[in-house]
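Trainee: Provided herewith is a single structure, encoded as structure tokens, for subsequent inquiry.
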Amino acid sequence: MASQMTWHGPAVVDDEPAVYLTFDDGPHPVITRQTMEILASFDVPATFFCVGANVDRYPEVMKELRDAGHEIGNHTQAHESGWSTSNFAYLRSFLTCQRSTNALRFRPPYGRITRSQAEALMDKTDIVMWDVLSADFDVKKTAEDCLDQLLINTRPGAIVVFHDSERAAPRLLPVLKPYLKWLHSEGYRCRLLPPPR
């Protein structure tokens with residue numbers, strides 16, 4: 001089942017090593033916009049896996065994301081863990097979020113999804129996991145810790161996870177620009193994931 005999920009993207013696109021930036025848990029009226037400004041300064045697109053309740057609260061921010069060329073993904077309506085949510089409630093949450101995002105991709109909150117939930121969603125969406133976690137959500141880590149983790153683990157084809165949330169902002173915002181500079185210096189190009197199969 002795990003092999004049918006998307007864990008990384010194509011390593012090389014147009015003869016350049018590629019990485020795929022993703023942001024979870026938004027949209028947030030301040031953090032998401034600050035993130036968009038940094039991405040725009042490097043002309044970098046990303047996929048934002050949005051929580052439906054936040055989309056309902058800040059629809060104008062989601063529109064700004066789309067207008068800027070970013071992709072919107074589904075991250076459930078209320079950020080439920082699949083491991084502690086019934087299949088019915090989990091799928092209902094996915095569908096509720098889907099109505100406001102019309103997303104092609106889905107990321108399970110916390111990466112926690114049961115086999116039966118994944119089987120139910122597999123033909124409806126591309127389930128996107130990751131292979132590089134910035135750990136920006138971890139309040140015990142410093143921004144420097146997160147940047148070190150990113151530089152050590154980034155490889156061609158990596159799907160990288162950040163969080164555009166208040167909890168992660170003290171690490172996300174100081175780290176994103178130096179990480180993008182490093183990617184550029186190493187010859188990486190940030191891409192959107194290819195269309196789901």
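In the structure tokens, the first chain shown is A, the next is B, and so on; residue numbers restart at 1 for each chain, and ligands run from 1 in the order shown.
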Would you mind listing what lies within 7 Å of region 45-58 of chain A as a short mmCIF file (atom, residue, chain, number, x, y, z; two decimals) with N, CA and C atoms, in the first residue's frame, with only C-alpha atoms counted and same-chain residues fewer than 5 positions away left out?
Mentor:
```cif
data_model
loop_
_atom_site.label_atom_id
_atom_site.label_comp_id
_atom_site.auth_asym_id
_atom_site.auth_seq_id
_atom_site.Cartn_x
_atom_site.Cartn_y
_atom_site.Cartn_z
N TYR A 20 10.85 19.29 -4.51
CA TYR A 20 9.42 19.63 -4.50
C TYR A 20 9.05 20.12 -3.10
N LEU A 21 8.80 21.43 -2.98
CA LEU A 21 8.49 22.03 -1.68
C LEU A 21 7.00 21.92 -1.40
N THR A 22 6.68 21.51 -0.18
CA THR A 22 5.28 21.43 0.25
C THR A 22 5.14 22.09 1.61
N PHE A 23 3.95 22.67 1.84
CA PHE A 23 3.65 23.36 3.09
C PHE A 23 2.31 22.85 3.60
N ASP A 24 2.27 22.45 4.86
CA ASP A 24 1.07 21.87 5.46
C ASP A 24 0.42 22.82 6.47
N ASP A 25 -0.88 22.66 6.61
CA ASP A 25 -1.69 23.18 7.73
C ASP A 25 -2.27 24.58 7.51
N GLY A 26 -1.91 25.29 6.45
CA GLY A 26 -2.49 26.61 6.20
C GLY A 26 -3.88 26.48 5.60
N PRO A 27 -4.38 27.55 4.99
CA PRO A 27 -3.72 28.84 4.91
C PRO A 27 -3.86 29.65 6.20
N PRO A 29 -3.43 33.78 7.51
CA PRO A 29 -3.42 35.10 6.87
C PRO A 29 -2.08 35.84 6.95
N LEU A 39 8.94 32.77 -1.28
CA LEU A 39 8.94 31.93 -2.49
C LEU A 39 8.97 32.78 -3.75
N GLY A 69 0.38 30.84 -8.62
CA GLY A 69 0.89 29.67 -9.33
C GLY A 69 1.21 28.48 -8.45
N HIS A 70 0.83 28.56 -7.18
CA HIS A 70 1.05 27.42 -6.29
C HIS A 70 -0.09 26.42 -6.44
N GLU A 71 0.19 25.18 -6.06
CA GLU A 71 -0.83 24.14 -6.10
C GLU A 71 -1.47 24.00 -4.73
N ILE A 72 -2.76 23.73 -4.70
CA ILE A 72 -3.49 23.50 -3.45
C ILE A 72 -3.71 22.00 -3.29
N GLY A 73 -3.38 21.48 -2.11
CA GLY A 73 -3.65 20.09 -1.78
C GLY A 73 -4.64 19.98 -0.63
N ASN A 74 -5.22 18.81 -0.48
CA ASN A 74 -6.20 18.51 0.56
C ASN A 74 -5.47 17.95 1.79
N HIS A 75 -5.76 18.51 2.97
CA HIS A 75 -5.11 18.07 4.22
C HIS A 75 -6.17 17.78 5.30
N THR A 76 -7.34 17.31 4.85
CA THR A 76 -8.54 17.05 5.66
C THR A 76 -9.19 18.36 6.13
N GLN A 77 -10.40 18.24 6.61
CA GLN A 77 -11.14 19.41 7.06
C GLN A 77 -10.65 19.92 8.40
N ALA A 78 -10.24 19.02 9.30
CA ALA A 78 -9.91 19.45 10.66
C ALA A 78 -8.61 18.83 11.18
N HIS A 79 -7.74 18.40 10.27
CA HIS A 79 -6.41 17.88 10.63
C HIS A 79 -6.50 16.65 11.54
N CYS A 97 -13.21 18.84 2.86
CA CYS A 97 -12.08 19.67 2.43
C CYS A 97 -12.01 19.73 0.91
N SER A 100 -13.96 22.46 -0.91
CA SER A 100 -13.44 23.84 -0.93
C SER A 100 -12.08 23.95 -1.61
N ARG A 107 -2.61 14.92 1.45
CA ARG A 107 -1.59 14.49 2.40
C ARG A 107 -2.27 14.20 3.74
N CYS A 190 13.37 24.10 -7.95
CA CYS A 190 12.13 23.74 -7.27
C CYS A 190 11.01 23.62 -8.30
N ARG A 191 10.29 22.53 -8.23
CA ARG A 191 9.24 22.22 -9.20
C ARG A 191 7.94 21.86 -8.47
N LEU A 192 6.84 21.90 -9.22
CA LEU A 192 5.61 21.27 -8.76
C LEU A 192 5.64 19.81 -9.16
#
```
Trainee: What are the DSSP alpha helix (DSSP H) residues of chain A, as a PyMOL selection string?
Mentor: chain A and resi 31-41+52-57+59-67+87-101+115-121+143-153+169-185
Trainee: So that I can check the surroundings of Thr85 (chain A), please list as number ranges by chain every protein, DNA and RNA residue that reaches within 12 Å of it, counting only C-alpha atoms and ignoring chain neighbours fewer than 3 positions away.
Mentor: A: 76, 78-82, 88-94, 108-109, 112-114, 116-117
Trainee: Suppose we keep C-alpha atoms; can you now write the selection as a PDB file, in the first residue's frame?
Mentor:
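Listing of selection36.pdb after writing:
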```pdb
ATOM      1  CA  THR A  76      -8.540  17.053   5.663  1.00  0.00           C
ATOM      2  CA  ALA A  78      -9.907  19.450  10.664  1.00  0.00           C
ATOM      3  CA  HIS A  79      -6.405  17.884  10.633  1.00  0.00           C
ATOM      4  CA  GLU A  80      -7.497  14.490  11.925  1.00  0.00           C
ATOM      5  CA  SER A  81      -5.102  11.602  12.486  1.00  0.00           C
ATOM      6  CA  GLY A  82      -6.269   8.602  10.483  1.00  0.00           C
ATOM      7  CA  PHE A  88     -16.385   7.134   7.877  1.00  0.00           C
ATOM      8  CA  ALA A  89     -15.348  10.319   9.719  1.00  0.00           C
ATOM      9  CA  TYR A  90     -11.959  10.431   7.975  1.00  0.00           C
ATOM     10  CA  LEU A  91     -13.418  10.092   4.489  1.00  0.00           C
ATOM     11  CA  ARG A  92     -16.110  12.645   5.304  1.00  0.00           C
ATOM     12  CA  SER A  93     -13.369  15.057   6.408  1.00  0.00           C
ATOM     13  CA  PHE A  94     -11.472  14.448   3.147  1.00  0.00           C
ATOM     14  CA  PRO A 108      -2.678  12.666   5.578  1.00  0.00           C
ATOM     15  CA  PRO A 109      -2.123  14.845   8.662  1.00  0.00           C
ATOM     16  CA  ARG A 112      -1.064   8.799   9.725  1.00  0.00           C
ATOM     17  CA  ILE A 113      -3.474   6.882   7.547  1.00  0.00           C
ATOM     18  CA  THR A 114      -4.748   3.318   7.854  1.00  0.00           C
ATOM     19  CA  SER A 116      -8.401   0.808   4.622  1.00  0.00           C
ATOM     20  CA  GLN A 117      -8.523   4.622   4.515  1.00  0.00           C
TER      21      GLN A 117
END
```
Trainee: Using only C-alpha atoms, pick whichever of A:Trp130, A:Ala103, A:Ala135, A:His163 has the shortest atom-to-atom distance to Met62 (chain A).
Mentor: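 Looking at the shortest contact to Met62 (chain A), the residue is A:Ala103.
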Trainee: Which neighbours of Glu119 (chain A) fall inside 12 Å, counting only C-alpha atoms, when residues of the same chain fewer than 6 positions from it are skipped, and could you give them as a CSV table (one decimal) with N, CA and C atoms, in the first residue's frame?
Mentor:
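Written out: part13.csv:
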```csv
chain,number,residue,atom,x,y,z
A,1,MET,N,0.8,-1.2,0.0
A,1,MET,CA,0.0,0.0,0.0
A,1,MET,C,0.9,1.3,0.0
A,2,ALA,N,1.9,1.3,0.8
A,2,ALA,CA,2.8,2.4,0.9
A,2,ALA,C,3.4,2.7,-0.5
A,4,GLN,N,2.1,2.6,-3.3
A,4,GLN,CA,1.2,3.2,-4.2
A,4,GLN,C,1.0,4.7,-3.8
A,5,MET,N,1.6,5.2,-2.7
A,5,MET,CA,1.6,6.6,-2.4
A,5,MET,C,2.8,7.2,-3.0
A,87,ASN,N,-13.1,5.3,9.8
A,87,ASN,CA,-13.0,5.5,8.3
A,87,ASN,C,-14.1,6.4,7.8
A,91,LEU,N,-13.1,9.9,5.9
A,91,LEU,CA,-13.4,10.1,4.5
A,91,LEU,C,-14.4,11.3,4.4
A,113,ILE,N,-2.3,7.3,8.3
A,113,ILE,CA,-3.5,6.9,7.5
A,113,ILE,C,-3.5,5.4,7.6
A,125,THR,N,-7.6,10.3,-5.4
A,125,THR,CA,-6.6,11.3,-5.2
A,125,THR,C,-5.2,10.7,-5.2
A,126,ASP,N,-4.2,11.5,-5.4
A,126,ASP,CA,-2.8,11.1,-5.2
A,126,ASP,C,-2.4,11.4,-3.8
A,127,ILE,N,-2.1,10.3,-3.0
A,127,ILE,CA,-1.7,10.5,-1.6
A,127,ILE,C,-0.2,10.8,-1.6
```
Trainee: Which residues are near Gly157 (chain A)? Cut-off 6 Å, only C-alpha atoms, ignore same chain within fewer than 4 positions. Put them as number ranges by chain.
Mentor: A: 8-11, 18-19
Trainee: Between A:Thr101, A:Ser3, A:Thr96, A:Ser185, which has the minimum distance to Ala118 (chain A) (counting only C-alpha atoms)?
Mentor: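 Smallest separation from Ala118 (chain A) among the options: A:Ser3.
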Trainee: Mind giving me the straight-line distance from CA of Asp148 (chain A) to CA of Leu133 (chain A) in Å, one decimal?
Mentor: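 Those two atoms sit 11.4 Å apart.
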